[in-house]
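*Asks:* Data file input.cif (mmCIF, C-alpha atoms) is appended below.
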data_target
#
loop_
_atom_site.label_atom_id
_atom_site.label_comp_id
_atom_site.auth_asym_id
_atom_site.auth_seq_id
_atom_site.Cartn_x
_atom_site.Cartn_y
_atom_site.Cartn_z
CA MET A 1 -17.48 19.80 -6.69
CA ILE A 2 -13.74 20.30 -7.03
CA TYR A 3 -12.16 17.33 -5.30
CA LEU A 4 -8.73 17.96 -3.80
CA ASP A 5 -8.82 15.32 -1.07
CA ASN A 6 -7.03 12.65 -3.09
CA ALA A 7 -4.51 11.98 -0.33
CA ALA A 8 -7.42 10.54 1.67
CA THR A 9 -8.81 8.55 -1.24
CA THR A 10 -8.76 9.23 -4.94
CA TYR A 11 -11.93 10.37 -6.67
CA PRO A 12 -13.19 9.85 -9.26
CA LYS A 13 -12.10 6.30 -9.93
CA PRO A 14 -11.13 5.44 -13.51
CA ARG A 15 -13.89 3.90 -15.62
CA PRO A 16 -12.09 0.52 -15.90
CA VAL A 17 -12.04 0.30 -12.09
CA ILE A 18 -15.78 0.84 -11.89
CA ASP A 19 -16.31 -1.70 -14.67
CA ALA A 20 -14.08 -4.27 -12.97
CA VAL A 21 -15.96 -3.94 -9.68
CA THR A 22 -19.30 -4.25 -11.44
CA ARG A 23 -18.11 -7.24 -13.44
CA ALA A 24 -16.83 -8.94 -10.29
CA LEU A 25 -20.22 -8.55 -8.66
CA ARG A 26 -21.91 -10.01 -11.73
CA VAL A 27 -19.46 -12.71 -12.78
CA TYR A 28 -17.11 -13.58 -9.92
CA GLY A 29 -19.75 -14.47 -7.37
CA ALA A 30 -18.18 -17.53 -5.75
CA ASN A 31 -15.77 -17.73 -2.87
CA PRO A 32 -12.19 -17.82 -4.20
CA GLY A 33 -9.73 -20.45 -3.04
CA ARG A 34 -12.33 -22.61 -1.42
CA SER A 35 -13.85 -24.86 -4.09
CA GLY A 36 -13.19 -26.58 -7.40
CA TYR A 37 -16.24 -25.63 -9.45
CA SER A 38 -15.78 -23.28 -12.36
CA MET A 39 -17.02 -20.00 -10.85
CA SER A 40 -14.88 -20.47 -7.75
CA ILE A 41 -11.81 -21.13 -9.88
CA ALA A 42 -12.66 -18.17 -12.16
CA THR A 43 -12.98 -15.92 -9.11
CA SER A 44 -9.65 -17.22 -7.80
CA GLU A 45 -8.10 -16.43 -11.17
CA GLU A 46 -9.35 -12.84 -10.93
CA VAL A 47 -7.82 -12.46 -7.46
CA TYR A 48 -4.62 -14.04 -8.75
CA ARG A 49 -4.47 -11.57 -11.65
CA CYS A 50 -4.44 -8.73 -9.14
CA ARG A 51 -1.77 -10.47 -7.06
CA THR A 52 0.37 -10.91 -10.16
CA ALA A 53 -0.22 -7.31 -11.26
CA ALA A 54 0.74 -6.00 -7.81
CA ALA A 55 3.85 -8.21 -7.62
CA GLY A 56 4.94 -6.95 -11.03
CA PHE A 57 4.12 -3.34 -10.19
CA PHE A 58 6.30 -3.38 -7.05
CA ASN A 59 8.85 -5.85 -8.43
CA ALA A 60 8.15 -8.41 -5.69
CA PRO A 61 9.60 -11.91 -6.16
CA GLY A 62 6.20 -13.47 -6.87
CA PRO A 63 2.42 -13.17 -6.51
CA GLU A 64 2.48 -15.21 -3.30
CA CYS A 65 4.25 -12.27 -1.59
CA VAL A 66 1.11 -10.13 -1.97
CA ALA A 67 -1.45 -10.38 0.82
CA PHE A 68 -4.63 -8.38 0.45
CA THR A 69 -5.77 -6.35 3.43
CA VAL A 70 -8.65 -3.95 3.94
CA ASN A 71 -6.36 -0.91 3.95
CA CYS A 72 -2.81 0.23 4.60
CA THR A 73 -3.43 0.54 8.34
CA ASN A 74 -4.23 -3.16 8.61
CA ALA A 75 -1.05 -4.03 6.76
CA VAL A 76 0.99 -1.88 9.14
CA ASN A 77 -0.68 -3.54 12.13
CA TYR A 78 0.15 -6.99 10.71
CA VAL A 79 3.82 -6.06 10.54
CA LEU A 80 4.14 -4.31 13.89
CA LYS A 81 2.14 -6.84 15.89
CA GLY A 82 3.47 -9.79 13.96
CA LEU A 83 7.11 -8.93 14.45
CA LEU A 84 7.61 -7.00 17.67
CA LYS A 85 7.72 -8.91 20.96
CA PRO A 86 8.18 -7.69 24.55
CA GLY A 87 11.66 -6.23 24.90
CA ASP A 88 11.95 -5.35 21.20
CA HIS A 89 12.65 -1.82 19.99
CA ALA A 90 11.55 -0.05 16.82
CA VAL A 91 12.61 3.16 15.10
CA VAL A 92 10.09 5.45 13.42
CA SER A 93 10.33 8.87 11.82
CA SER A 94 9.06 12.16 13.20
CA LEU A 95 6.39 12.29 10.48
CA GLU A 96 4.40 9.15 11.14
CA HIS A 97 0.68 8.67 10.75
CA ASN A 98 -1.39 7.17 13.57
CA ALA A 99 -1.46 3.95 11.52
CA VAL A 100 2.07 3.47 12.85
CA MET A 101 1.97 5.41 16.13
CA ARG A 102 -1.18 3.93 17.63
CA PRO A 103 -0.21 0.27 17.17
CA LEU A 104 3.18 1.14 18.67
CA ASP A 105 1.45 2.86 21.58
CA ALA A 106 -0.59 -0.30 22.14
CA LEU A 107 2.56 -2.43 21.90
CA ARG A 108 4.30 -0.22 24.47
CA GLU A 109 1.98 -1.68 27.09
CA LYS A 110 3.42 -5.08 26.18
CA GLY A 111 7.01 -3.99 26.64
CA VAL A 112 7.89 -2.79 23.14
CA THR A 113 9.78 0.49 22.98
CA PHE A 114 10.44 2.85 20.09
CA THR A 115 12.47 5.92 19.19
CA LYS A 116 11.54 8.73 16.82
CA ALA A 117 14.22 9.68 14.33
CA GLU A 118 14.13 13.32 13.25
CA VAL A 119 13.55 14.02 9.55
CA PHE A 120 15.60 16.84 7.98
CA ARG A 121 13.87 18.40 5.02
CA GLY A 122 16.01 18.44 1.93
CA ASP A 123 18.91 16.82 3.78
CA ASN A 124 18.77 13.05 3.36
CA ASP A 125 22.25 12.56 4.85
CA SER A 126 21.14 14.06 8.14
CA THR A 127 17.89 12.09 8.08
CA VAL A 128 19.71 8.79 7.58
CA ASP A 129 22.17 9.74 10.30
CA SER A 130 19.26 10.45 12.61
CA PHE A 131 17.91 6.94 12.01
CA ARG A 132 21.36 5.49 12.69
CA LYS A 133 21.55 7.27 16.05
CA ALA A 134 18.11 5.95 17.02
CA ILE A 135 19.14 2.30 16.61
CA ASN A 136 20.08 0.36 19.72
CA GLY A 137 20.99 -3.24 20.50
CA ARG A 138 17.33 -4.27 20.80
CA THR A 139 16.13 -2.64 17.58
CA LYS A 140 14.27 -5.19 15.51
CA LEU A 141 12.42 -2.97 13.04
CA ILE A 142 12.62 0.37 11.32
CA ILE A 143 9.23 1.48 10.08
CA CYS A 144 8.61 4.81 8.42
CA THR A 145 6.40 6.57 6.00
CA HIS A 146 7.62 6.83 2.42
CA ALA A 147 6.05 10.28 2.20
CA SER A 148 4.27 12.38 4.80
CA ASN A 149 0.51 12.45 4.36
CA VAL A 150 0.50 16.04 5.63
CA TRP A 151 3.55 17.76 4.18
CA GLY A 152 4.39 15.50 1.26
CA ILE A 153 7.98 15.21 2.50
CA ARG A 154 9.70 12.11 1.09
CA LEU A 155 11.95 9.93 3.17
CA PRO A 156 15.02 8.25 1.64
CA VAL A 157 13.63 4.78 2.34
CA GLU A 158 16.16 2.92 0.18
CA ARG A 159 19.03 4.40 2.17
CA ILE A 160 17.24 3.77 5.45
CA ALA A 161 16.62 0.15 4.38
CA ALA A 162 20.32 -0.26 3.61
CA LEU A 163 21.09 1.14 7.05
CA ALA A 164 18.63 -1.27 8.67
CA HIS A 165 20.15 -4.28 6.94
CA GLU A 166 23.64 -3.15 7.93
CA TYR A 167 22.49 -3.73 11.51
CA GLY A 168 20.46 -6.87 10.76
CA ILE A 169 17.20 -4.97 11.29
CA ARG A 170 13.99 -5.43 9.28
CA MET A 171 12.58 -2.53 7.26
CA ALA A 172 8.91 -1.72 6.80
CA VAL A 173 7.59 1.19 4.76
CA ASP A 174 4.18 2.83 4.95
CA CYS A 175 3.56 3.55 1.28
CA ALA A 176 0.03 4.93 1.74
CA GLN A 177 0.92 8.20 -0.02
CA SER A 178 3.57 6.94 -2.40
CA ALA A 179 2.19 3.82 -4.10
CA GLY A 180 1.22 4.87 -7.60
CA VAL A 181 3.00 8.21 -7.31
CA LEU A 182 6.60 7.10 -6.78
CA PRO A 183 8.31 4.06 -8.29
CA ILE A 184 8.84 1.37 -5.64
CA ASP A 185 11.00 -1.68 -6.22
CA ILE A 186 10.94 -4.24 -3.42
CA ASN A 187 13.75 -6.32 -4.85
CA GLY A 188 15.96 -3.32 -5.42
CA SER A 189 15.12 -1.21 -2.39
CA GLY A 190 15.64 -3.61 0.48
CA ILE A 191 12.14 -3.09 1.82
CA ASP A 192 11.11 -6.18 3.80
CA TYR A 193 7.49 -5.17 4.40
CA LEU A 194 5.67 -2.86 2.02
CA CYS A 195 2.31 -1.59 3.28
CA ALA A 196 0.13 0.05 0.66
CA ALA A 197 -3.35 1.47 0.31
CA GLY A 198 -5.26 0.28 -2.74
CA HIS A 199 -7.69 3.19 -2.85
CA LYS A 200 -5.31 6.15 -3.09
CA GLY A 201 -2.63 6.43 -5.76
CA LEU A 202 -3.49 2.99 -7.13
CA TYR A 203 -7.07 4.16 -7.83
CA GLY A 204 -8.72 1.00 -6.47
CA PRO A 205 -11.89 0.95 -4.38
CA MET A 206 -11.95 1.83 -0.70
CA GLY A 207 -11.54 -1.24 1.47
CA THR A 208 -8.43 -2.43 -0.35
CA GLY A 209 -4.83 -2.52 0.77
CA MET A 210 -1.82 -4.80 0.58
CA LEU A 211 1.00 -6.18 2.62
CA ILE A 212 3.77 -7.20 0.25
CA ALA A 213 6.36 -9.25 2.06
CA PRO A 214 8.65 -11.90 0.56
CA ASP A 215 9.16 -13.27 4.07
CA GLY A 216 5.64 -12.58 5.35
CA GLY A 217 5.22 -16.19 6.42
CA SER A 218 7.57 -15.58 9.34
CA LEU A 219 5.33 -12.93 10.89
CA ALA A 220 3.13 -13.94 13.80
CA THR A 221 -0.52 -13.50 12.91
CA VAL A 222 -2.98 -10.94 14.19
CA ILE A 223 -6.02 -12.67 12.71
CA GLU A 224 -6.43 -16.40 12.22
CA GLY A 225 -9.18 -18.38 10.57
CA GLY A 226 -10.26 -20.22 7.47
CA THR A 227 -7.90 -20.02 4.52
CA GLY A 228 -9.15 -22.86 2.35
CA THR A 229 -5.89 -24.72 2.98
CA GLN A 230 -4.65 -27.24 5.59
CA SER A 231 -8.09 -27.17 7.18
CA ALA A 232 -7.48 -30.23 9.34
CA LEU A 233 -4.81 -28.34 11.25
CA SER A 234 -5.75 -26.02 14.09
CA SER A 235 -2.72 -23.82 13.45
CA GLN A 236 -2.57 -21.08 10.84
CA PRO A 237 -0.68 -21.98 7.62
CA VAL A 238 2.84 -20.56 7.47
CA THR A 239 2.78 -19.91 3.73
CA MET A 240 1.99 -16.58 2.12
CA PRO A 241 -0.49 -15.26 1.23
CA ASP A 242 -2.91 -17.53 3.11
CA ARG A 243 -1.18 -16.86 6.43
CA MET A 244 -2.34 -13.24 6.22
CA GLU A 245 -5.69 -13.78 4.48
CA SER A 246 -8.19 -15.45 6.76
CA GLY A 247 -11.83 -15.35 5.77
CA THR A 248 -13.53 -14.42 2.53
CA GLN A 249 -11.70 -11.87 0.40
CA ASN A 250 -13.07 -8.58 -0.96
CA VAL A 251 -13.29 -9.84 -4.52
CA PRO A 252 -15.00 -6.77 -6.06
CA GLY A 253 -12.45 -4.54 -4.35
CA ILE A 254 -9.53 -6.68 -5.48
CA ALA A 255 -10.86 -6.78 -9.05
CA GLY A 256 -11.11 -2.98 -8.97
CA LEU A 257 -7.63 -2.72 -7.53
CA ARG A 258 -6.22 -4.77 -10.40
CA ALA A 259 -7.86 -2.39 -12.85
CA GLY A 260 -6.46 0.53 -10.86
CA ILE A 261 -2.92 -0.84 -10.96
CA GLU A 262 -3.23 -1.40 -14.70
CA PHE A 263 -4.55 2.14 -15.10
CA VAL A 264 -1.52 3.55 -13.30
CA LYS A 265 0.84 1.34 -15.31
CA ALA A 266 -0.76 2.51 -18.55
CA ARG A 267 -0.55 6.19 -17.59
CA GLY A 268 2.96 5.75 -16.20
CA ILE A 269 4.03 6.71 -12.69
CA LYS A 270 6.46 9.31 -14.04
CA ASN A 271 3.68 11.00 -16.02
CA ILE A 272 1.26 10.92 -13.10
CA ASN A 273 3.89 12.31 -10.75
CA ARG A 274 4.89 15.04 -13.21
CA HIS A 275 1.29 16.11 -13.74
CA GLU A 276 0.41 16.22 -10.06
CA MET A 277 3.65 17.97 -9.10
CA GLU A 278 3.00 20.62 -11.74
CA ILE A 279 -0.41 21.28 -10.20
CA ILE A 280 1.04 21.40 -6.69
CA ARG A 281 3.90 23.69 -7.69
CA TYR A 282 1.50 26.00 -9.51
CA MET A 283 -0.70 26.18 -6.41
CA TYR A 284 2.33 26.74 -4.20
CA ASP A 285 3.71 29.54 -6.34
CA GLU A 286 0.37 31.34 -6.51
CA MET A 287 -0.28 30.84 -2.80
CA SER A 288 3.15 32.18 -1.91
CA LYS A 289 2.14 35.51 -3.55
CA MET A 290 -1.13 35.73 -1.63
CA LYS A 291 -1.70 37.70 1.55
CA TYR A 292 -2.49 35.78 4.76
CA ILE A 293 -1.54 32.35 3.39
CA ARG A 294 0.90 30.41 5.50
CA LEU A 295 2.98 27.78 3.73
CA TYR A 296 5.29 25.53 5.71
CA THR A 297 7.66 24.02 3.20
CA ARG A 298 9.87 25.20 0.38
CA GLN A 299 8.50 24.92 -3.13
CA PRO A 300 7.93 21.15 -3.46
CA GLN A 301 10.54 19.50 -5.68
CA PRO A 302 9.93 15.95 -6.93
CA GLU A 303 13.09 14.52 -5.38
CA TYR A 304 11.98 15.58 -1.91
CA TYR A 305 8.19 15.73 -2.08
CA VAL A 306 5.08 13.94 -3.27
CA PRO A 307 2.13 16.02 -4.52
CA VAL A 308 0.56 16.90 -1.18
CA LEU A 309 0.44 20.46 0.16
CA SER A 310 -0.78 21.78 3.51
CA PHE A 311 -1.25 25.37 4.54
CA ASN A 312 -3.21 27.71 6.76
CA VAL A 313 -5.19 30.87 6.06
CA GLY A 314 -4.02 33.51 8.51
CA SER A 315 -5.43 32.83 11.94
CA ILE A 316 -8.53 30.99 10.70
CA PRO A 317 -8.81 27.57 12.39
CA SER A 318 -8.11 24.91 9.78
CA GLU A 319 -11.47 23.23 10.33
CA THR A 320 -13.22 26.56 9.73
CA ALA A 321 -11.27 27.01 6.53
CA GLY A 322 -12.22 23.49 5.50
CA ARG A 323 -15.88 24.33 6.06
CA LEU A 324 -15.58 27.55 4.05
CA PHE A 325 -14.05 25.60 1.17
CA ALA A 326 -16.85 23.03 1.41
CA GLU A 327 -19.42 25.83 1.17
CA LYS A 328 -17.76 26.85 -2.09
CA GLY A 329 -17.91 23.31 -3.42
CA ILE A 330 -14.25 22.50 -2.86
CA ALA A 331 -13.26 19.31 -1.03
CA VAL A 332 -10.12 19.66 1.08
CA ARG A 333 -8.98 17.97 4.26
CA ALA A 334 -8.55 20.03 7.43
CA GLY A 335 -7.38 19.20 10.94
CA LEU A 336 -4.59 16.90 12.05
CA HIS A 337 -4.89 14.33 9.23
CA CYS A 338 -4.55 11.45 11.74
CA ALA A 339 -0.90 12.44 12.00
CA PRO A 340 -0.28 14.55 15.12
CA GLU A 341 3.42 13.69 14.95
CA ALA A 342 3.69 15.30 11.54
CA HIS A 343 1.94 18.40 12.88
CA ARG A 344 4.24 18.54 15.90
CA PHE A 345 7.11 18.42 13.45
CA MET A 346 5.88 21.67 11.89
CA GLY A 347 4.40 23.27 15.03
CA THR A 348 0.82 23.02 13.77
CA GLN A 349 -0.47 20.54 16.34
CA GLU A 350 -2.90 23.09 17.84
CA ASN A 351 -4.62 24.41 14.73
CA GLY A 352 -3.85 21.67 12.25
CA ALA A 353 -3.71 22.65 8.59
CA VAL A 354 -5.65 22.54 5.35
CA ARG A 355 -4.44 19.94 2.88
CA VAL A 356 -4.86 19.76 -0.87
CA ALA A 357 -3.81 16.82 -3.02
CA PRO A 358 -4.50 16.52 -6.74
CA SER A 359 -4.98 13.32 -8.69
CA VAL A 360 -4.28 12.43 -12.28
CA PHE A 361 -7.74 13.82 -13.10
CA THR A 362 -7.18 17.24 -11.53
CA GLY A 363 -6.80 19.99 -14.10
CA ILE A 364 -5.14 23.38 -13.92
CA GLY A 365 -8.60 24.96 -14.20
CA GLU A 366 -9.62 23.33 -10.94
CA ALA A 367 -6.42 24.57 -9.34
CA LYS A 368 -7.31 28.10 -10.46
CA GLN A 369 -10.82 27.83 -9.04
CA PHE A 370 -9.37 26.61 -5.77
CA LEU A 371 -6.97 29.56 -5.67
CA PHE A 372 -9.79 32.00 -6.44
CA ALA A 373 -11.84 30.54 -3.56
CA LEU A 374 -8.81 30.68 -1.28
CA GLY A 375 -8.30 34.35 -2.10
CA ARG A 376 -11.93 35.09 -1.26
CA ILE A 377 -11.77 33.17 2.02
CA ALA A 378 -8.57 34.97 3.02
CA ARG A 379 -9.97 38.41 2.15
CA ASP A 380 -13.40 37.89 3.70
CA ASN A 381 -12.00 36.71 7.00
CA HIS A 382 -9.33 39.36 7.64
CA MET B 1 -2.18 -41.99 -15.97
CA GLY B 2 -0.96 -38.63 -14.68
CA LYS B 3 0.11 -37.20 -11.37
CA TYR B 4 -1.37 -34.95 -8.71
CA PHE B 5 0.88 -32.37 -7.07
CA ALA B 6 -0.65 -30.98 -3.88
CA VAL B 7 0.54 -27.37 -3.58
CA GLY B 8 -1.71 -25.98 -0.84
CA SER B 9 -3.20 -22.64 -1.77
CA ILE B 10 -4.96 -21.65 -4.96
CA THR B 11 -2.22 -19.02 -5.37
CA ASN B 12 0.42 -21.74 -5.51
CA ALA B 13 -1.75 -23.79 -7.85
CA LEU B 14 -2.23 -20.93 -10.30
CA LYS B 15 1.43 -19.98 -10.10
CA GLY B 16 2.46 -23.59 -10.71
CA ARG B 17 0.08 -23.92 -13.63
CA ASP B 18 1.48 -20.76 -15.22
CA ILE B 19 5.07 -21.94 -14.76
CA LEU B 20 4.27 -25.33 -16.27
CA SER B 21 2.42 -23.68 -19.11
CA GLY B 22 5.50 -21.56 -19.79
CA LYS B 23 7.45 -24.82 -20.18
CA GLY B 24 4.83 -26.20 -22.53
CA ILE B 25 3.35 -28.58 -19.96
CA HIS B 26 -0.43 -28.70 -19.82
CA SER B 27 -2.03 -29.07 -16.40
CA TYR B 28 -5.32 -28.75 -14.54
CA ILE B 29 -6.13 -27.20 -11.18
CA GLU B 30 -8.24 -29.35 -8.91
CA ARG B 31 -9.13 -29.66 -5.29
CA THR B 32 -6.65 -31.94 -3.60
CA PRO B 33 -8.01 -35.50 -3.55
CA GLN B 34 -8.71 -36.94 -0.11
CA GLY B 35 -5.96 -39.08 1.28
CA MET B 36 -3.15 -36.93 -0.04
CA PRO B 37 -0.80 -35.20 2.41
CA GLY B 38 -1.45 -31.51 3.02
CA GLY B 39 -3.63 -31.26 6.09
CA GLY B 40 -6.98 -31.29 4.34
CA CYS B 41 -8.44 -28.91 1.75
CA GLY B 42 -6.29 -27.00 -0.69
CA TYR B 43 -5.47 -27.37 -4.32
CA SER B 44 -3.45 -29.68 -6.53
CA ILE B 45 -2.04 -29.41 -10.00
CA TYR B 46 -2.89 -32.45 -12.10
CA VAL B 47 -0.44 -33.16 -14.91
CA PRO B 48 -1.75 -35.73 -17.37
CA GLY B 49 1.36 -35.84 -19.53
CA ASP B 50 5.06 -35.58 -18.78
CA PHE B 51 4.80 -35.49 -15.02
CA GLN B 52 8.46 -36.34 -14.46
CA THR B 53 9.49 -33.05 -16.06
CA ALA B 54 6.63 -31.28 -14.34
CA GLU B 55 7.87 -32.54 -10.98
CA LYS B 56 11.33 -31.08 -11.59
CA VAL B 57 9.84 -27.76 -12.68
CA LEU B 58 7.56 -27.53 -9.64
CA ASP B 59 10.39 -28.56 -7.30
CA SER B 60 12.67 -25.86 -8.66
CA ALA B 61 9.86 -23.31 -8.19
CA GLY B 62 9.60 -24.33 -4.52
CA LEU B 63 6.12 -25.76 -5.02
CA THR B 64 6.63 -28.93 -3.07
CA GLY B 65 4.05 -31.05 -1.31
CA GLY B 66 2.22 -34.34 -1.57
CA ARG B 67 2.32 -36.23 -4.88
CA LYS B 68 0.18 -39.08 -6.09
CA GLU B 69 -0.08 -40.86 -9.41
CA GLY B 70 -3.52 -41.62 -10.72
CA ASN B 71 -6.17 -40.81 -13.23
CA ARG B 72 -7.95 -37.49 -13.25
CA ARG B 73 -11.22 -37.66 -11.37
#
Is it possible to give me this structure as C-alpha cells?
*Replies:*
Amino acid sequence: MIYLDNAATTYPKPRPVIDAVTRALRVYGANPGRSGYSMSIATSEEVYRCRTAAAGFFNAPGPECVAFTVNCTNAVNYVLKGLLKPGDHAVVSSLEHNAVMRPLDALREKGVTFTKAEVFRGDNDSTVDSFRKAINGRTKLIICTHASNVWGIRLPVERIAALAHEYGIRMAVDCAQSAGVLPIDINGSGIDYLCAAGHKGLYGPMGTGMLIAPDGGSLATVIEGGTGTQSALSSQPVTMPDRMESGTQNVPGIAGLRAGIEFVKARGIKNINRHEMEIIRYMYDEMSKMKYIRLYTRQPQPEYYVPVLSFNVGSIPSETAGRLFAEKGIAVRAGLHCAPEAHRFMGTQENGAVRVAPSVFTGIGEAKQFLFALGRIARDNH
Amino acid sequence: MGKYFAVGSITNALKGRDILSGKGIHSYIERTPQGMPGGGCGYSIYVPGDFQTAEKVLDSAGLTGGRKEGNRR
C-alpha cells in the first residue's frame, strides 16, 4: 500500500514510537500520579518526560502547561466550552474543521455567537484585516486553524494573535495539521491555547493530543473527576495540568508521543517540512500538466502552505476517485474531510475533493506511482 | 530532620525535584503525609538536607503549599 493519508494520521509510526508504546505496556503498568510505590512513580516520570518534551518543543513556560487529551478535537472543546459563556462572541476563519465549528454550533444554543473571518490566499494583510473587522465588543476569543486540513493554506496566526491581544481577546490555535510540520513557539507567538494532535505530524499513537495553555487553570472544565490531588475537595483543582486531566491517563500513548516528539526533533522540523513540500510540489507540478485534473490552489509555497494537497479528477465524484485509488493500493482521503467550511471556501462542498498528504517516510517513488495511478484513473473514466 | 513540601500534583513534584537537583539539592518525592494541608492526596518533596535554601528555591518557582518538618517516613 502507498499511504498518502498522513493528514488524517501518520503511518507508519517510527520504530522508537512503537518501542516506547511496547515498553510502556511492559514496564509502566501502574497508574501515574496516584501512588508512591516505585512503579507508579516510574510511570509518572515517563508521563512527565513527555510533558517536558512537549513544553520544550513548543517553547511553553513549563511542563505543567501541557495537558494530555485524547486528540486535538478534545483540546479544542476544552477551550471553547471552558472559556465562552452566554453572550460571548468568537471569531473563526473561513477554513475551520468541524472540531471548531460543531462545538461552536452547540454553544450557539447557549447564547454564544461567532463570526467567520474570510481568509485571503497569499495575502496575509487582507486576512488579518478580515479578522479585525470580525471583532466586536463582546469578542472573547479568536480561534482558527494554523493550516487548513483540506487545502494546506496557512494562516498568519502570530499576527492574528497580536491583533487579538491588541483588543484584550484570547487566542486559540488548532494546530492539528501544523504541529511537527511548522515551528510553533508559544512564548513568542502570543498563542494562549495551543491545541495539537499527537498522532499526526508528531508521529505519536492515535488517541493522543494536547492542550498547551500557560493559563489553562482559568478555563472552566468540561470533564471533572479524580486527579490524584486534593481528593478531599469536591471541586476540581485549579492547577494545570490536573485541572484538565481527570481519570487515568493513556500512558502507552503518551510514552509513544514522547518518542514521536523526539523523532521530529531529531529529524528537524525544517528538514521534514522541506522534504514533504518537495513531494507535494512535485505532485502539483505533474498534476498541473495532466488532463482532467482539477487543482484549486497555486503551486504550494512553504510560506503559505503546509504539505497537504486536494484535487478532483474531472467530474468523478471524489468518493469514487478515492475508491479507485484504494483498488490500486493507494490510500487517500476523499469527501469533505470533516471541514465543510473549507470546502465552501473553494466551492467544493457538493463533490468534496481527494486529498493527499505525504509524511517524512514518503518517497518520490511513491509519488510517481500515485501519479501513474491518477493518470490511469483519469483516462479510464473519461 | 528534613522538611516536607506539599506541592499537589506529581507534575509539580517532579518539576520541583528537577529544579532542586539543578541547584545541587537532593530530594525525594513522596505521597503527602496525612495531616498536611493540601486537601488530601497529592505529592510532597522531602528535602533531608538544606531545606531553608530548598524552600526559597521552591517559593521562587511558584511551588508553594503546606510545609512540615520531620523525619522521612
*Asks:* Which residue, A:Met39, A:Ile377, A:Val354, A:Ala255, has the smallest gap to Tyr203 in chain A when you use all atoms listed in the file?
*Replies:*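 So, comparing all the options, the nearest one is A:Ala255.
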*Asks:* Measuring atom to atom with all atoms listed in the file, identify which of B:Arg72, B:Lys15, B:Lys56, B:His26 is nearest to Gly2 in chain B.
*Replies:*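 Among B:Arg72, B:Lys15, B:Lys56, B:His26, it is B:Arg72 that comes nearest to Gly2 in chain B.
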*Asks:* Might you spell out which residues the PyMOL selection byres ((chain A) within 12 of (chain B)) would select in the displayed file, as number ranges by chain?
*Replies:* A: 31-38, 40-52, 61-67, 226-243, 245
*Asks:* Using only C-alpha atoms, determine which residues lie at most 10 Å from Glu55 in chain B, disregarding the query and same-chain residues fewer than 3 positions distant; provide the list as a ChimeraX atom specification.
*Replies:* /B:3-5,20,47,50-52,58-61,63-64,67
*Asks:* Atoms to include: C-alpha atoms. Write the selected residues as a PDB file, in the frame of the given file.
*Replies:*
ATOM      1  CA  LYS B   3       0.110 -37.200 -11.370  1.00  0.00           C
ATOM      2  CA  TYR B   4      -1.370 -34.950  -8.710  1.00  0.00           C
ATOM      3  CA  PHE B   5       0.880 -32.370  -7.070  1.00  0.00           C
ATOM      4  CA  LEU B  20       4.270 -25.330 -16.270  1.00  0.00           C
ATOM      5  CA  VAL B  47      -0.440 -33.160 -14.910  1.00  0.00           C
ATOM      6  CA  ASP B  50       5.060 -35.580 -18.780  1.00  0.00           C
ATOM      7  CA  PHE B  51       4.800 -35.490 -15.020  1.00  0.00           C
ATOM      8  CA  GLN B  52       8.460 -36.340 -14.460  1.00  0.00           C
ATOM      9  CA  LEU B  58       7.560 -27.530  -9.640  1.00  0.00           C
ATOM     10  CA  ASP B  59      10.390 -28.560  -7.300  1.00  0.00           C
ATOM     11  CA  SER B  60      12.670 -25.860  -8.660  1.00  0.00           C
ATOM     12  CA  ALA B  61       9.860 -23.310  -8.190  1.00  0.00           C
ATOM     13  CA  LEU B  63       6.120 -25.760  -5.020  1.00  0.00           C
ATOM     14  CA  THR B  64       6.630 -28.930  -3.070  1.00  0.00           C
ATOM     15  CA  ARG B  67       2.320 -36.230  -4.880  1.00  0.00           C
TER      16      ARG B  67
END
*Asks:* Calculate how many Å separate CA of Phe131 in chain A from CA of Asn98 in chain A, rounding to one decimal.
*Replies:*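 So the answer is 19.4 Å.
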*Asks:* For a quick check of understanding, using all atoms listed in the file, which of A:Gly335, A:Pro302, A:Pro14, A:Gly29 has the smallest distance to Gln249 in chain A?
*Replies:*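 Nearest candidate to Gln249 in chain A out of A:Gly335, A:Pro302, A:Pro14, A:Gly29: A:Gly29.
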*Asks:* What's the separation between CA of Thr320 in chain A and CA of Phe370 in chain A, in Å to one decimal place?
*Replies:*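 Distance between the two atoms: 16.0 Å.
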*Asks:* CA of Ala20 in chain A and CA of Gly204 in chain A are how many Å apart?
*Replies:* 9.9 Å
*Asks:* Name the closest residue to Gly66 in chain B among the candidates B:Ala6, B:Ile25, B:Ile19, B:Ala54; distances are taken between atoms, counting all atoms listed in the file.
*Replies:*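 Looking at the shortest contact to Gly66 in chain B, the residue is B:Ala6.
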*Asks:* Could you list, as a VMD selection string, every residue matched by the PyMOL selection byres ((chain A and resi 2) around 9) in this structure?
*Replies:* chain A and resid 1 3 to 4 329 to 332 362 366 to 367 369 to 370
*Asks:* May I have the protein, DNA and RNA residues with any atom at most 8 Å from the point (-12.3, -1.5, -10.2), counting only C-alpha atoms, written as a count of residues only?
*Replies:* 21
*Asks:* Residues at most 10 Å from range 274-278 of chain A, counting all atoms listed in the file, excluding those fewer than 5 positions away in the same chain, as a PDB file with C-alpha atoms, in the frame of the given file?
*Replies:*
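Result file is part_34.pdb:
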ATOM      1  CA  VAL A 181       3.000   8.210  -7.310  1.00  0.00           C
ATOM      2  CA  GLY A 268       2.960   5.750 -16.200  1.00  0.00           C
ATOM      3  CA  ILE A 269       4.030   6.710 -12.690  1.00  0.00           C
ATOM      4  CA  MET A 283      -0.700  26.180  -6.410  1.00  0.00           C
ATOM      5  CA  TYR A 284       2.330  26.740  -4.200  1.00  0.00           C
ATOM      6  CA  PRO A 300       7.930  21.150  -3.460  1.00  0.00           C
ATOM      7  CA  GLN A 301      10.540  19.500  -5.680  1.00  0.00           C
ATOM      8  CA  PRO A 302       9.930  15.950  -6.930  1.00  0.00           C
ATOM      9  CA  TYR A 305       8.190  15.730  -2.080  1.00  0.00           C
ATOM     10  CA  VAL A 306       5.080  13.940  -3.270  1.00  0.00           C
ATOM     11  CA  PRO A 307       2.130  16.020  -4.520  1.00  0.00           C
ATOM     12  CA  VAL A 308       0.560  16.900  -1.180  1.00  0.00           C
ATOM     13  CA  ALA A 357      -3.810  16.820  -3.020  1.00  0.00           C
ATOM     14  CA  PRO A 358      -4.500  16.520  -6.740  1.00  0.00           C
ATOM     15  CA  SER A 359      -4.980  13.320  -8.690  1.00  0.00           C
ATOM     16  CA  VAL A 360      -4.280  12.430 -12.280  1.00  0.00           C
ATOM     17  CA  PHE A 361      -7.740  13.820 -13.100  1.00  0.00           C
ATOM     18  CA  THR A 362      -7.180  17.240 -11.530  1.00  0.00           C
ATOM     19  CA  GLY A 363      -6.800  19.990 -14.100  1.00  0.00           C
ATOM     20  CA  ILE A 364      -5.140  23.380 -13.920  1.00  0.00           C
TER      21      ILE A 364
END
